[in-house]
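Trainee: One file is attached below, start.txt, containing compact mmCIF, C-alpha atoms and all ligand atoms.
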# COMPACT_ATOMS: atom_id res chain seq x y z
CA MET A 4 20.71 81.72 87.57
CA ARG A 5 19.92 79.64 90.67
CA VAL A 6 23.02 77.73 91.79
CA VAL A 7 23.94 75.28 94.54
CA VAL A 8 27.33 75.48 96.28
CA THR A 9 28.42 72.56 98.49
CA GLY A 10 31.09 73.45 101.05
CA ALA A 11 29.57 76.95 101.13
CA ALA A 12 30.65 77.74 104.70
CA GLY A 13 34.29 76.92 104.03
CA PHE A 14 37.13 79.23 103.05
CA LEU A 15 36.76 79.02 99.26
CA GLY A 16 33.03 78.20 99.26
CA SER A 17 32.14 81.36 101.19
CA HIS A 18 34.18 83.57 98.85
CA LEU A 19 32.54 81.86 95.87
CA CYS A 20 29.06 82.47 97.36
CA ASP A 21 29.91 86.16 97.94
CA ARG A 22 30.93 86.51 94.30
CA LEU A 23 27.93 84.59 92.90
CA VAL A 24 25.46 86.69 94.92
CA ALA A 25 27.30 89.89 93.90
CA ASP A 26 26.99 88.78 90.27
CA GLY A 27 23.20 88.60 90.68
CA HIS A 28 22.68 84.85 91.11
CA GLU A 29 20.43 83.12 93.60
CA VAL A 30 22.57 80.80 95.75
CA VAL A 31 21.72 77.79 97.90
CA GLY A 32 24.75 77.08 100.11
CA VAL A 33 25.03 73.60 101.64
CA ASP A 34 27.51 72.70 104.37
CA ASN A 35 27.68 70.32 107.33
CA LEU A 36 30.10 72.69 109.11
CA CYS A 37 32.69 69.95 109.79
CA THR A 38 35.53 72.33 108.87
CA GLY A 39 33.56 75.45 107.87
CA SER A 40 31.68 78.03 109.93
CA ARG A 41 28.54 80.16 109.68
CA GLU A 42 30.69 83.22 110.43
CA ASN A 43 32.17 82.91 106.94
CA LEU A 44 28.66 83.52 105.60
CA ALA A 45 27.76 86.30 108.05
CA ALA A 46 27.34 88.87 105.27
CA LEU A 47 25.06 86.55 103.28
CA LEU A 48 22.79 84.82 105.81
CA GLU A 49 20.16 87.59 105.69
CA HIS A 50 20.52 88.21 101.94
CA PRO A 51 17.29 87.65 99.97
CA ARG A 52 19.14 85.73 97.23
CA PHE A 53 21.03 83.44 99.60
CA ARG A 54 19.77 80.39 101.49
CA PHE A 55 21.86 78.21 103.80
CA LEU A 56 21.24 74.51 104.38
CA ALA A 57 23.18 72.91 107.26
CA HIS A 58 23.39 69.44 105.77
CA ASP A 59 25.78 66.58 104.99
CA VAL A 60 25.98 66.20 101.20
CA THR A 61 26.68 62.46 101.49
CA LEU A 62 23.10 62.05 102.81
CA GLY A 63 21.48 63.59 99.71
CA LEU A 64 20.82 67.11 98.46
CA PRO A 65 17.30 68.21 99.40
CA VAL A 66 17.10 71.04 96.86
CA GLU A 67 13.82 71.49 94.98
CA GLY A 68 13.15 73.60 91.91
CA GLU A 69 15.26 74.85 89.04
CA VAL A 70 19.04 74.70 89.31
CA GLY A 71 21.39 76.10 86.66
CA GLY A 72 24.71 75.29 88.31
CA VAL A 73 26.15 72.97 90.96
CA PHE A 74 29.56 73.86 92.42
CA HIS A 75 30.81 70.89 94.46
CA LEU A 76 33.45 72.15 96.90
CA ALA A 77 32.51 70.15 100.01
CA SER A 78 35.53 68.29 101.43
CA PRO A 79 38.00 68.78 104.24
CA ALA A 80 41.04 70.36 102.54
CA SER A 81 43.73 71.03 105.12
CA PRO A 82 46.02 68.02 105.78
CA PRO A 83 45.33 67.99 109.57
CA ASP A 84 41.58 68.14 108.81
CA TYR A 85 41.51 65.26 106.35
CA LEU A 86 43.87 63.18 108.51
CA ALA A 87 41.41 63.67 111.40
CA LEU A 88 38.40 62.91 109.14
CA PRO A 89 39.73 60.15 106.86
CA LEU A 90 36.51 58.23 106.21
CA GLU A 91 34.42 61.39 105.97
CA THR A 92 36.87 62.71 103.36
CA LEU A 93 36.60 59.53 101.31
CA ALA A 94 32.80 59.64 101.66
CA VAL A 95 32.39 63.22 100.50
CA GLY A 96 34.72 62.65 97.53
CA SER A 97 32.84 59.50 96.47
CA THR A 98 29.22 59.45 97.70
CA GLY A 99 29.08 63.24 98.06
CA THR A 100 30.25 63.73 94.49
CA ARG A 101 27.71 61.19 93.21
CA VAL A 102 24.92 62.98 95.09
CA ALA A 103 25.96 66.37 93.72
CA LEU A 104 26.22 64.94 90.19
CA ASP A 105 22.74 63.39 90.57
CA LEU A 106 21.33 66.83 91.37
CA ALA A 107 22.95 68.26 88.23
CA ARG A 108 21.66 65.35 86.15
CA ARG A 109 18.13 65.69 87.58
CA THR A 110 17.95 69.43 86.97
CA GLY A 111 20.04 69.73 83.80
CA ALA A 112 22.48 72.00 85.66
CA ARG A 113 26.12 72.53 84.75
CA PHE A 114 28.39 70.87 87.33
CA LEU A 115 31.79 72.05 88.55
CA PHE A 116 34.06 69.90 90.71
CA ALA A 117 36.77 71.38 92.95
CA SER A 118 39.69 69.00 92.49
CA THR A 119 43.22 69.61 93.65
CA SER A 120 46.90 69.69 92.75
CA GLU A 121 47.13 66.69 95.10
CA VAL A 122 46.00 64.48 92.21
CA TYR A 123 49.63 64.92 91.03
CA GLY A 124 50.89 63.59 94.39
CA ASP A 125 54.67 63.96 94.75
CA PRO A 126 55.01 65.10 91.15
CA LEU A 127 57.26 63.43 88.62
CA VAL A 128 56.83 66.29 86.15
CA HIS A 129 57.62 69.87 87.14
CA PRO A 130 55.76 72.21 86.73
CA GLN A 131 52.62 70.09 86.54
CA PRO A 132 50.57 70.18 83.32
CA GLU A 133 47.02 68.77 83.25
CA THR A 134 48.32 65.87 81.12
CA SER A 135 50.40 64.54 84.04
CA TRP A 136 48.87 61.42 85.64
CA GLY A 137 50.37 61.93 89.05
CA ASN A 138 52.39 59.97 91.56
CA VAL A 139 50.19 59.10 94.52
CA ASN A 140 50.71 56.55 97.30
CA PRO A 141 47.31 54.81 97.40
CA ILE A 142 47.64 53.69 101.03
CA GLY A 143 49.65 56.56 102.53
CA PRO A 144 48.06 58.96 105.04
CA ARG A 145 47.28 61.57 102.36
CA SER A 146 45.57 58.99 100.16
CA VAL A 147 42.18 59.59 101.81
CA TYR A 148 42.20 63.02 100.20
CA ASP A 149 44.24 62.40 97.04
CA GLU A 150 42.45 59.23 96.01
CA ALA A 151 39.02 60.63 96.91
CA LYS A 152 39.70 63.52 94.53
CA ARG A 153 41.09 61.21 91.83
CA PHE A 154 38.05 58.93 92.16
CA ALA A 155 35.77 61.98 92.00
CA GLU A 156 37.45 63.18 88.78
CA ALA A 157 36.84 59.72 87.31
CA LEU A 158 33.20 59.76 88.47
CA VAL A 159 32.58 63.25 87.04
CA THR A 160 34.13 62.26 83.71
CA ALA A 161 32.24 58.95 83.52
CA THR A 162 28.95 60.72 84.33
CA ARG A 163 29.58 63.23 81.54
CA ARG A 164 30.32 60.40 79.09
CA ALA A 165 27.47 58.10 80.19
CA HIS A 166 24.71 60.64 80.83
CA GLY A 167 25.80 63.82 79.05
CA VAL A 168 25.97 65.90 82.25
CA ASP A 169 27.72 69.19 81.45
CA THR A 170 30.76 69.02 83.74
CA ARG A 171 33.84 71.08 84.58
CA ILE A 172 36.86 70.18 86.75
CA VAL A 173 39.27 72.66 88.34
CA ARG A 174 42.53 71.45 89.89
CA ILE A 175 43.20 74.01 92.60
CA PHE A 176 46.75 74.65 93.80
CA ASN A 177 47.46 76.05 97.29
CA THR A 178 45.14 79.01 97.79
CA TYR A 179 45.15 81.38 100.76
CA GLY A 180 43.50 84.56 101.97
CA PRO A 181 41.14 86.11 104.50
CA ARG A 182 38.75 83.71 106.33
CA MET A 183 41.16 80.77 106.39
CA ARG A 184 40.57 79.15 109.76
CA ILE A 185 43.32 80.40 112.07
CA HIS A 186 43.97 76.84 113.32
CA ASP A 187 43.27 74.93 110.10
CA GLY A 188 46.88 73.73 110.02
CA ARG A 189 47.83 74.80 106.51
CA VAL A 190 51.11 76.58 106.12
CA VAL A 191 49.87 80.13 105.50
CA SER A 192 47.38 80.09 108.38
CA ASN A 193 49.93 78.47 110.70
CA PHE A 194 52.74 80.90 109.87
CA VAL A 195 50.59 84.05 109.97
CA GLY A 196 48.89 83.02 113.23
CA GLN A 197 52.21 82.06 114.84
CA ALA A 198 53.93 85.27 113.73
CA LEU A 199 51.12 87.49 115.01
CA ARG A 200 51.03 85.70 118.37
CA GLY A 201 54.82 85.89 118.66
CA GLU A 202 55.06 82.09 118.77
CA PRO A 203 57.74 80.01 117.01
CA ILE A 204 57.15 79.42 113.30
CA THR A 205 56.93 75.65 112.72
CA LEU A 206 58.98 74.75 109.64
CA TYR A 207 58.51 71.11 108.68
CA GLY A 208 61.56 69.32 107.30
CA SER A 209 64.36 71.34 105.69
CA GLY A 210 61.98 73.99 104.36
CA SER A 211 63.35 73.46 100.86
CA GLN A 212 60.06 71.90 99.66
CA THR A 213 58.14 74.28 97.42
CA ARG A 214 54.56 75.44 96.95
CA SER A 215 52.94 78.08 94.72
CA PHE A 216 50.41 80.28 96.52
CA CYS A 217 47.33 81.74 94.83
CA TYR A 218 45.30 84.57 96.36
CA VAL A 219 41.63 83.72 96.85
CA SER A 220 40.12 86.42 94.58
CA ASP A 221 42.29 85.22 91.68
CA LEU A 222 41.18 81.64 92.29
CA ILE A 223 37.46 82.52 92.40
CA GLU A 224 37.79 84.44 89.12
CA GLY A 225 39.42 81.35 87.58
CA VAL A 226 36.69 79.03 88.89
CA LEU A 227 33.99 81.21 87.30
CA ARG A 228 35.84 81.39 83.99
CA VAL A 229 36.08 77.61 83.90
CA PHE A 230 32.40 77.30 84.82
CA HIS A 231 31.31 79.68 82.06
CA GLY A 232 33.84 78.31 79.53
CA THR A 233 33.58 75.27 77.29
CA ARG A 234 36.47 73.06 78.41
CA THR A 235 35.29 69.88 80.11
CA ASP A 236 38.73 68.38 80.83
CA PRO A 237 40.50 69.48 84.05
CA VAL A 238 42.03 72.96 84.27
CA ASN A 239 44.88 73.86 86.63
CA LEU A 240 44.21 77.00 88.66
CA GLY A 241 47.03 78.38 90.76
CA ASN A 242 49.77 80.97 90.92
CA PRO A 243 52.86 79.73 89.07
CA THR A 244 55.33 81.68 91.22
CA GLU A 245 57.04 79.02 93.32
CA TRP A 246 58.42 79.57 96.83
CA THR A 247 60.31 77.38 99.25
CA ILE A 248 58.52 77.05 102.58
CA GLU A 249 61.57 78.56 104.27
CA GLN A 250 61.24 81.64 102.03
CA LEU A 251 57.57 81.87 102.96
CA ALA A 252 58.48 81.82 106.67
CA GLY A 253 60.94 84.69 106.13
CA LEU A 254 58.36 86.71 104.19
CA VAL A 255 55.65 86.26 106.85
CA ILE A 256 58.09 87.31 109.61
CA ARG A 257 59.07 90.43 107.63
CA LEU A 258 55.50 91.45 106.73
CA THR A 259 54.16 90.98 110.27
CA GLY A 260 57.22 92.60 111.88
CA SER A 261 57.22 89.60 114.21
CA GLY A 262 60.00 88.62 116.61
CA SER A 263 59.12 84.92 116.12
CA THR A 264 61.93 82.42 115.68
CA VAL A 265 61.78 79.44 113.33
CA VAL A 266 61.67 75.94 114.86
CA ARG A 267 62.15 72.79 112.79
CA GLN A 268 59.67 69.93 113.06
CA PRO A 269 59.59 66.59 111.21
CA LEU A 270 58.34 66.57 107.65
CA PRO A 271 54.93 64.85 107.42
CA GLU A 272 54.88 61.48 105.59
CA ASP A 273 54.52 61.72 101.79
CA ASP A 274 54.79 65.54 101.86
CA PRO A 275 55.22 66.56 98.17
CA LYS A 276 58.67 68.00 97.46
CA VAL A 277 57.65 70.49 94.80
CA ARG A 278 54.46 71.97 93.43
CA GLN A 279 53.95 74.52 90.68
CA PRO A 280 51.00 74.72 88.29
CA ASP A 281 51.50 74.85 84.55
CA ILE A 282 48.69 77.29 83.72
CA ALA A 283 49.17 77.42 79.93
CA VAL A 284 45.67 75.99 79.38
CA ALA A 285 43.96 78.57 81.61
CA ARG A 286 45.96 81.39 80.00
CA ARG A 287 45.24 80.24 76.45
CA GLU A 288 41.63 79.11 76.73
CA LEU A 289 40.29 81.40 79.46
CA GLY A 290 42.60 84.42 79.35
CA TRP A 291 43.11 83.82 83.08
CA GLU A 292 46.19 84.33 85.20
CA PRO A 293 46.67 85.42 88.80
CA ALA A 294 46.96 89.17 89.42
CA VAL A 295 47.75 89.40 93.15
CA PRO A 296 51.42 88.85 94.09
CA LEU A 297 52.18 86.84 97.25
CA GLU A 298 53.40 89.87 99.20
CA GLU A 299 50.16 91.81 98.54
CA GLY A 300 47.93 88.79 99.24
CA LEU A 301 49.77 88.07 102.47
CA ARG A 302 49.32 91.69 103.64
CA ARG A 303 45.55 91.35 103.18
CA THR A 304 45.57 87.97 104.93
CA ILE A 305 47.64 89.32 107.82
CA ASP A 306 45.18 92.25 108.25
CA ASP A 307 42.28 89.78 108.40
CA PHE A 308 44.05 87.50 110.91
CA ARG A 309 45.07 90.52 113.02
CA ALA A 310 41.44 91.69 113.18
CA ARG A 311 40.26 88.22 114.23
CA LEU A 312 43.05 87.57 116.72
CA GLY A 313 42.69 90.92 118.50
CA PRO A 314 45.55 92.95 120.01
CA ALA A 315 49.05 91.42 119.90
CA PRO A 316 50.30 90.04 123.24
CA SER A 317 52.51 92.58 124.97
CA PRO A 318 56.06 91.36 125.63
CA ALA A 319 56.51 89.96 129.16
CA GLY A 320 57.65 92.44 131.77
CA ARG A 321 56.27 95.58 130.14
P1 LIG A 401 37.45 74.27 103.87
O1 LIG A 401 37.72 73.15 104.80
O2 LIG A 401 37.53 75.66 104.40
O3 LIG A 401 36.01 74.12 103.21
C1 LIG A 401 35.41 72.88 102.91
C2 LIG A 401 33.95 72.95 103.35
O4 LIG A 401 33.29 71.72 103.02
C3 LIG A 401 33.78 73.15 104.86
O5 LIG A 401 32.92 74.25 105.10
C4 LIG A 401 33.18 71.84 105.34
O6 LIG A 401 32.38 72.00 106.49
C5 LIG A 401 32.42 71.39 104.10
N1 LIG A 401 32.14 69.94 104.06
C6 LIG A 401 33.03 68.92 104.20
N2 LIG A 401 32.41 67.74 104.12
C7 LIG A 401 31.08 68.01 103.90
C8 LIG A 401 29.93 67.22 103.72
N3 LIG A 401 29.98 65.87 103.76
N4 LIG A 401 28.73 67.83 103.50
C9 LIG A 401 28.66 69.19 103.47
N5 LIG A 401 29.72 70.00 103.63
C10 LIG A 401 30.93 69.42 103.86
O7 LIG A 401 38.43 74.09 102.63
P2 LIG A 401 38.67 75.04 101.35
O8 LIG A 401 40.08 75.43 101.34
O9 LIG A 401 37.62 76.09 101.27
O10 LIG A 401 38.46 73.97 100.18
C11 LIG A 401 37.25 73.95 99.41
C12 LIG A 401 37.40 72.93 98.29
O11 LIG A 401 38.50 73.29 97.44
C13 LIG A 401 37.69 71.51 98.79
O12 LIG A 401 36.99 70.58 97.99
C14 LIG A 401 39.18 71.37 98.59
O13 LIG A 401 39.55 70.02 98.38
C15 LIG A 401 39.41 72.21 97.34
N6 LIG A 401 40.80 72.70 97.29
C16 LIG A 401 41.20 73.74 98.08
C17 LIG A 401 42.54 74.15 98.02
C18 LIG A 401 43.05 75.32 98.84
O14 LIG A 401 44.24 75.60 98.76
N7 LIG A 401 42.26 76.03 99.59
C19 LIG A 401 43.44 73.50 97.17
C20 LIG A 401 42.99 72.43 96.42
C21 LIG A 401 41.65 72.05 96.46
N1 LIG A 402 54.26 73.23 106.48
C1 LIG A 402 55.21 73.71 107.38
N2 LIG A 402 54.77 74.20 108.59
C2 LIG A 402 53.48 74.24 108.94
C3 LIG A 402 52.50 73.75 108.02
C4 LIG A 402 52.94 73.25 106.81
O1 LIG A 402 56.42 73.72 107.10
O2 LIG A 402 53.17 74.70 110.06
C5 LIG A 402 54.71 72.74 105.18
C6 LIG A 402 54.16 71.37 104.80
O3 LIG A 402 55.01 70.34 105.28
C7 LIG A 402 54.17 71.45 103.27
C8 LIG A 402 53.87 72.92 102.98
O4 LIG A 402 54.19 73.62 104.18
O5 LIG A 402 55.45 71.14 102.75
C9 LIG A 402 52.43 73.18 102.59
O6 LIG A 402 51.60 72.58 103.54
P1 LIG A 402 50.03 72.77 103.56
O7 LIG A 402 49.52 71.92 104.69
O8 LIG A 402 49.66 74.20 103.58
O9 LIG A 402 49.51 72.21 102.17
P2 LIG A 402 49.88 71.00 101.20
O10 LIG A 402 50.35 71.68 99.97
O11 LIG A 402 50.95 70.14 101.80
O12 LIG A 402 48.59 70.28 101.05
Before anything else, please render the file you have as structure tokens.
Ligand code: NAD
Ligand code: UDP
Mentor:
Amino acid sequence: MRVVVTGAAGFLGSHLCDRLVADGHEVVGVDNLCTGSRENLAALLEHPRFRFLAHDVTLGLPVEGEVGGVFHLASPASPPDYLALPLETLAVGSTGTRVALDLARRTGARFLFASTSEVYGDPLVHPQPETSWGNVNPIGPRSVYDEAKRFAEALVTATRRAHGVDTRIVRIFNTYGPRMRIHDGRVVSNFVGQALRGEPITLYGSGSQTRSFCYVSDLIEGVLRVFHGTRTDPVNLGNPTEWTIEQLAGLVIRLTGSGSTVVRQPLPEDDPKVRQPDIAVARRELGWEPAVPLEEGLRRTIDDFRARLGPAPSPAGR
């Protein structure tokens, strides 16, 4: 199959492209590199079944010929990134999603949208099932991301109903792994980078807020099962094992053997207090559940960060 992946040079997009090419597909990766990098695609750029288009998806998708699948992942995803790119984030969720849907409609391709656990906002139901409608502040700082994704879900669903486009929606919960940008500002990349550099670990708020961390290979497997499955309503994809952020800090310090201390910083506005996916739908309908425990996934992530950061700084005076 020939498929198009938007956001191909990002963390998840590049892993998805690797997997699609390994599975024998021809892949056109599109990315404007606002938060992604060509280095993430280094292994694919010379591959005969991979083509890269440096392009902003909000300006159209100049892809000719047959297309069997469109995976729309383009969007800043880390809170510091979308806070720095608020209008771009709204544009890629709205105009960008319409453009990607138009390509699927034009070519008869199946369309998959990368939504997020953020559609649940600061959740009122815990853990979060797909039936939950969410609790989002429409004018808070995170709204540029949350509401863009909620609008996009509505657009995808309306396009399926109005024009019969064959659509899928995955709601991705915090996912981590090799190739995360070292300075992308998300908690795993911050903590691992800080621990390896021997810098203080920045714990926001009390650290009692929770997240559930999914390793990237598990997530990509889930995305492909949703794509190849029959369910058109949203599917939660994430690891249901919930951790406090303070526990995560302790685990990263232990696994890196770091001497870093923990420093408290203010909790960002509207930071969700809890987050844990209810994955009963994915288990039942797709036979999917995560296989990589946090400790194992973090070891692999730490190895990748260590290789990219180079040798650890030697303690002063030695
Ligand atoms: P990322 O920032 O690494 O990747 C996003 C990619 O999209 C980047 O390469 C960026 O340059 C590209 N992009 C942004 N705007 C674009 C535009 N207008 N045109 C073309 N390319 C554009 O983030 P990620 O973690 O890989 O996230 C990928 C997708 O998955 C996003 O849609 C994100 O909302 C979703 N998601 C990720 C997570 C997670 O934990 N990683 C959780 C929930 C949802
Ligand atoms: N966080 C933290 N220190 C950091 C970065 C993040 O304590 O250096 C916290 C953040 O406040 C949130 C959680 O870790 O409660 C997850 O943040 P992240 O930005 O990774 O993703 P979110 O789930 O909030 O989108």
Trainee: A:Glu156, A:Glu249, A:Asp169, A:Glu29: which is nearest ligand LIG 402 (chain A), counting all atoms listed in the file?
Mentor: A:Glu249
Trainee: Closest to Ala87 of chain A among A:Gly188, A:Ala45, A:Phe114, A:Pro51, using only C-alpha atoms?
Mentor: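 Closest candidate: A:Gly188.
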Trainee: Ranking A:Ser261, A:Ser209, A:Ser118, A:Asn193 by minimum distance to ligand LIG 402 (chain A) and counting only C-alpha atoms and all ligand atoms, which one comes first?
Mentor: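 Of all the options, A:Asn193 lies closest to ligand LIG 402 (chain A).
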Trainee: So the first atom is atom CA of Ala198 of chain A and the second is atom CA of Pro314 of chain A; what is the distance between them in Å, to one decimal place?
Mentor: 13.0 Å
Trainee: Taking only C-alpha atoms into account, which of A:Asp34, A:Asp105, A:Asp274, A:Glu298 comes nearest Gly210 of chain A?
Mentor: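 Smallest distance to Gly210 of chain A is found for A:Asp274.
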Trainee: Would you compute the box with edges along x, y and z of the file around ligand LIG 402 (chain A), including every atom the file lists for it and 8 Å extra on each side, and give its centre and edge lengths in Å to one decimal, as JSON?
Mentor:
{"center_x": 52.5, "center_y": 72.4, "center_z": 105.0, "size_x": 23.8, "size_y": 20.6, "size_z": 26.1}
Trainee: Would you mind telling me which residue in A:Glu292, A:Asp236, A:Glu299, A:Glu150 lies nearest to Phe116 of chain A when using all atoms listed in the file?
Mentor: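 Smallest separation from Phe116 of chain A among the options: A:Asp236.
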Trainee: Could you list, as a PyMOL selection string, all protein and nucleic acid residues with an atom at most 7 Å from ligand LIG 401 (chain A), counting all atoms listed in the file?
Mentor: chain A and resi 9-16+33-40+58-61+76-81+91-92+95+99+117-120+174-179+183
Trainee: Separation of atom CA of Asn138 of chain A and atom CA of Phe154 of chain A, in Å?
Mentor: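 It comes out at 14.4 Å.
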Trainee: What is the atom CA of Gly253 of chain A to atom CA of Asp187 of chain A distance in Å?
Mentor: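 Between atom CA of Gly253 of chain A and atom CA of Asp187 of chain A the gap is 20.6 Å.
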Trainee: Leu297 of chain A: which residues within 7 Å, counting only C-alpha atoms, same-chain residues fewer than 3 positions away excluded, as a ChimeraX atom specification?
Mentor: /A:216,300-301
Trainee: Of the candidates A:Tyr207, A:Tyr148, A:Phe53, A:Phe230, which shows the shortest atom-to-atom distance to ligand LIG 402 (chain A), using only C-alpha atoms and all ligand atoms?
Mentor: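 Of the candidates, the smallest distance to ligand LIG 402 (chain A) is held by A:Tyr207.
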Trainee: Which residues, written as a list in words, have at least one atom at most 9 Å from Ile248 of chain A, with all atoms listed in the file counted and residues fewer than 2 positions away on the same chain left out?
Mentor: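 These residues fall inside the cut-off: Val190, Leu206, Tyr207, Ser209, Gly210, Ser211, Gln212, Thr213, Arg214, Trp246, Gln250, Leu251, Ala252 and Gly253 of chain A.
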Trainee: Fewer than 3 positions away in the same chain doesn't count, so skip those; otherwise give me all residues within 10 Å of Leu158 of chain A, counting all atoms listed in the file, as number ranges by chain.
Mentor: A: 96-97, 100-101, 104, 152-155, 161-164
Trainee: Would you be able to write out as a PyMOL selection string which residues have an atom within 10 Å of (46.6, 60.6, 104.0) in the file's coordinates, counting all atoms listed in the file?
Mentor: chain A and resi 82-83+85-89+92+140-150+271-274
Trainee: Show me, as a list of chain:residue names, the residues that have an atom within 10 Å of Glu288 of chain A when counting all atoms listed in the file, minus same-chain residues fewer than 2 positions from it.
Mentor: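 The contact residues come out as A:Arg228, A:Val229, A:Gly232, A:Thr233, A:Arg234, A:Val238, A:Ala283, A:Val284, A:Ala285, A:Arg286, A:Gly290, A:Trp291.
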Trainee: Just want the 12 Å neighbourhood of Gly27 of chain A, counted on all atoms listed in the file, with same-chain residues fewer than 4 positions away dropped. Output as a JSON list (two decimals) with C-alpha atoms, in the frame of the given file.
Mentor:
[["chain", "number", "residue", "atom", "x", "y", "z"],
["A", 4, "MET", "CA", 20.71, 81.72, 87.57],
["A", 5, "ARG", "CA", 19.92, 79.64, 90.67],
["A", 6, "VAL", "CA", 23.02, 77.73, 91.79],
["A", 20, "CYS", "CA", 29.06, 82.47, 97.36],
["A", 21, "ASP", "CA", 29.91, 86.16, 97.94],
["A", 22, "ARG", "CA", 30.93, 86.51, 94.30],
["A", 23, "LEU", "CA", 27.93, 84.59, 92.90],
["A", 50, "HIS", "CA", 20.52, 88.21, 101.94],
["A", 51, "PRO", "CA", 17.29, 87.65, 99.97],
["A", 52, "ARG", "CA", 19.14, 85.73, 97.23],
["A", 53, "PHE", "CA", 21.03, 83.44, 99.60]]
